[in-house]
Amino acid sequence: GEKTLCHFLLTVIYLSSIITAVSPMDEENIYQETKSNETLMDVNNATEDEIRKRLCQFGVHYTIESIMDVLKHPDNRKEETVYVLLVKYEETRQKAPVFLPEPRNRHPIISIDGFFTHGRTKIAKMVATALFGRRILMPTRHVARLRTYFADPAIKKHYYSLSKYMGAHLAMSYSRSAPVVLERYWHDQAAYVMAKSFEGLIPENSSLYEFPKDLLVPDIMFFVNGALNQNIHNETTAEKYAHNDLANKIATVYRRMRNP
């Protein structure tokens with residue numbers, strides 16, 4: 001109990017000090033693979049249900065059932081890679097504990113998300129190492145190789161979504177023996193899609209900013225709004241970041257997330 005609490009408090013202090021050393025830099029984001037030729041939806045002229053449906057099409061789901069409805073559709077399930085993915089997910093789910101103990105009876109679970117891959121990954125690795133914990137990068141290693149084998153690129157969006165639930169099941173198991181750092185969790189994909197796939201921002205009071213109710217909620221969450229860069233005072237890089245509309249839009253979306 002006391003050891004776990006101490007780990008948790010040290011994590012907050014450690015992350016806070018690291019993130020002050022973050023500076024902007026453009027980097028590739030994994031979800032850029034999920035490009036679409038469809039016209040961007042104007043959120044100001046769409047209902048919340050219409051926006052939710054579009055989010056689902058781009059791989060942002062709010063329940064595991066929603067993901068399974070897509071992957072188990074006859075047109076998708078016949079693909080061998082989807083079949084393997086579903087088998088791997090079920091294996092991971094069955095090995096996980098039925099419930100997550102109270103924080104005082106386990107180690108902390110931390111999520112670290114962010115648009116800038118290098119900064120996010122470096123911080124996640126540093127925190128996991130400092131806490132003698134385990135880092136879970138999504139998609140998890142159990143299914144990471146499947147990423148290149150999908151016949152239909154559109155299915156890959158939902159593969160990323162399912163990987164969040166796989167990571168959650170692993171975290172439930174690992175947190176009994178060590179702190180867990182989740183990298184590229186639900187907010188990472190959701191914030192990117194919300195910023196990239198719509199004209200304008202989803203209204204601030206929308207329930208679409210709420211975390212899935214059936215997905216493991218980390219004890220603490222961080223969004224890395226920049227990348228670790230040796231040239232911290234590089235004005236050219238900073239200016240480039242300041243005018244990166246997508247990065248700024250993602251940061252705004254992330255600030256609107258709630259519950260948690």
# chains A, B, ... in the order shown; residues from 1 in each chain; ligands from 1
>>> residues_around(residues="stretch 51-68 of chain A", least_positions_apart="2", cutoff="10 Å", atoms="only C-alpha atoms", output="PDB file with C-alpha atoms, in the first residue's frame")
ATOM      1  CA  TYR A  31      -2.823   7.137 -37.333  1.00  0.00           C
ATOM      2  CA  THR A  34      -5.851   5.797 -41.761  1.00  0.00           C
ATOM      3  CA  LYS A  35      -6.345   8.450 -44.400  1.00  0.00           C
ATOM      4  CA  SER A  36      -9.643   8.788 -46.195  1.00  0.00           C
ATOM      5  CA  LEU A  40     -14.566  16.211 -43.978  1.00  0.00           C
ATOM      6  CA  MET A  41     -17.734  16.435 -41.901  1.00  0.00           C
ATOM      7  CA  ASP A  42     -18.649  19.902 -40.666  1.00  0.00           C
ATOM      8  CA  VAL A  43     -19.397  19.382 -36.973  1.00  0.00           C
ATOM      9  CA  ASN A  45     -24.009  21.065 -39.251  1.00  0.00           C
ATOM     10  CA  ALA A  46     -24.163  17.539 -37.833  1.00  0.00           C
ATOM     11  CA  THR A  47     -25.946  15.892 -34.921  1.00  0.00           C
ATOM     12  CA  GLU A  48     -24.005  14.130 -32.178  1.00  0.00           C
ATOM     13  CA  ASP A  49     -25.226  10.758 -33.458  1.00  0.00           C
ATOM     14  CA  VAL A  70     -17.171  -4.070 -37.232  1.00  0.00           C
ATOM     15  CA  LEU A  71     -14.545  -6.803 -37.020  1.00  0.00           C
ATOM     16  CA  LYS A  72     -17.068  -9.647 -36.859  1.00  0.00           C
ATOM     17  CA  HIS A  73     -19.075  -8.398 -39.803  1.00  0.00           C
ATOM     18  CA  ARG A  77     -14.278 -11.621 -40.490  1.00  0.00           C
ATOM     19  CA  LEU A  86      -9.773 -11.798 -32.751  1.00  0.00           C
ATOM     20  CA  ALA A 154      -9.855   0.587 -43.529  1.00  0.00           C
ATOM     21  CA  ILE A 155      -9.924  -2.338 -41.083  1.00  0.00           C
ATOM     22  CA  LYS A 156      -6.636  -1.172 -39.606  1.00  0.00           C
ATOM     23  CA  LYS A 157      -8.438   1.690 -37.853  1.00  0.00           C
ATOM     24  CA  HIS A 158     -10.486  -0.786 -35.823  1.00  0.00           C
ATOM     25  CA  TYR A 159      -7.428  -2.945 -35.211  1.00  0.00           C
ATOM     26  CA  TYR A 160      -5.864   0.046 -33.459  1.00  0.00           C
ATOM     27  CA  SER A 161      -9.041   0.464 -31.399  1.00  0.00           C
ATOM     28  CA  LEU A 162      -9.065  -3.165 -30.289  1.00  0.00           C
ATOM     29  CA  LYS A 164      -6.391  -0.413 -26.586  1.00  0.00           C
ATOM     30  CA  TYR A 165      -8.547  -3.072 -24.945  1.00  0.00           C
ATOM     31  CA  TRP A 186      -7.494   5.645 -26.123  1.00  0.00           C
ATOM     32  CA  HIS A 187      -7.051   9.428 -25.948  1.00  0.00           C
ATOM     33  CA  GLN A 189      -6.204   7.831 -31.205  1.00  0.00           C
ATOM     34  CA  ALA A 190      -9.409   9.679 -30.329  1.00  0.00           C
ATOM     35  CA  ALA A 191      -7.796  13.129 -30.137  1.00  0.00           C
ATOM     36  CA  TYR A 192      -5.995  12.623 -33.445  1.00  0.00           C
ATOM     37  CA  VAL A 193      -9.115  11.464 -35.298  1.00  0.00           C
ATOM     38  CA  MET A 194     -11.301  14.212 -33.832  1.00  0.00           C
ATOM     39  CA  SER A 197     -11.253  14.113 -39.649  1.00  0.00           C
ATOM     40  CA  PHE A 198     -13.636  17.020 -39.082  1.00  0.00           C
ATOM     41  CA  ILE A 202     -16.780  18.947 -31.753  1.00  0.00           C
ATOM     42  CA  SER A 207     -20.480  13.416 -24.584  1.00  0.00           C
ATOM     43  CA  LEU A 208     -18.103  12.286 -27.339  1.00  0.00           C
ATOM     44  CA  GLU A 210     -15.992  11.104 -22.497  1.00  0.00           C
ATOM     45  CA  PHE A 211     -13.799   8.052 -21.969  1.00  0.00           C
ATOM     46  CA  PRO A 212     -15.306   4.622 -22.810  1.00  0.00           C
ATOM     47  CA  LYS A 213     -17.109   3.238 -19.779  1.00  0.00           C
ATOM     48  CA  ASP A 214     -15.946  -0.337 -20.390  1.00  0.00           C
ATOM     49  CA  LEU A 215     -12.247   0.468 -20.849  1.00  0.00           C
TER      50      LEU A 215
END
>>> select_by_dssp(residues="stretch 74-168 of chain A", states="strand (DSSP E)", output="JSON list (two decimals) with C-alpha atoms, in the first residue's frame")
[["chain", "number", "residue", "atom", "x", "y", "z"],
["A", 109, "ILE", "CA", -1.25, 2.47, -14.12],
["A", 110, "ILE", "CA", -0.14, 5.52, -16.11],
["A", 111, "SER", "CA", -1.02, 6.48, -19.67],
["A", 112, "ILE", "CA", 1.21, 8.71, -21.79],
["A", 113, "ASP", "CA", -0.19, 9.96, -25.09],
["A", 134, "ARG", "CA", 6.45, -2.30, -17.54],
["A", 135, "ARG", "CA", 5.73, -0.27, -20.66],
["A", 136, "ILE", "CA", 2.89, -1.36, -22.94],
["A", 137, "LEU", "CA", 3.01, 0.19, -26.40]]
>>> select_by_dssp(residues="stretch 49-166 of chain A", states="helix (DSSP H, G or I)", output="PyMOL selection string")
chain A and resi 49-57+64-71+74-77+80-95+103-105+117-130+144-148+155-166
>>> closest_residue(among="A:Ala128, A:Val180, A:Leu216, A:Ala195", to="A:Tyr254", atoms="only C-alpha atoms")
A:Ala195
>>> atom_distance(atom1="atom CA of A:Tyr209", atom2="atom CA of A:Arg147")
26.9 Å
>>> atom_distance(atom1="atom CA of A:Lys78", atom2="atom CA of A:Ala168")
26.4 Å
>>> closest_residue(among="A:Leu246, A:Val253, A:Ala144, A:Val224", to="A:Gly114", atoms="only C-alpha atoms")
A:Val224
>>> closest_atom_pairs(of="stretch 64-99 of chain A", to="stretch 169-175 of chain A", cutoff="8 Å", atoms="only C-alpha atoms", output="JSON lines")
{"residue": "A:Thr92", "atom": "CA", "partner": "A:His169", "partner_atom": "CA", "distance": 6.6}
{"residue": "A:Arg93", "atom": "CA", "partner": "A:His169", "partner_atom": "CA", "distance": 6.0}
{"residue": "A:Ala96", "atom": "CA", "partner": "A:His169", "partner_atom": "CA", "distance": 5.4}
{"residue": "A:Pro97", "atom": "CA", "partner": "A:Ser173", "partner_atom": "CA", "distance": 6.2}
{"residue": "A:Phe99", "atom": "CA", "partner": "A:Met172", "partner_atom": "CA", "distance": 7.8}
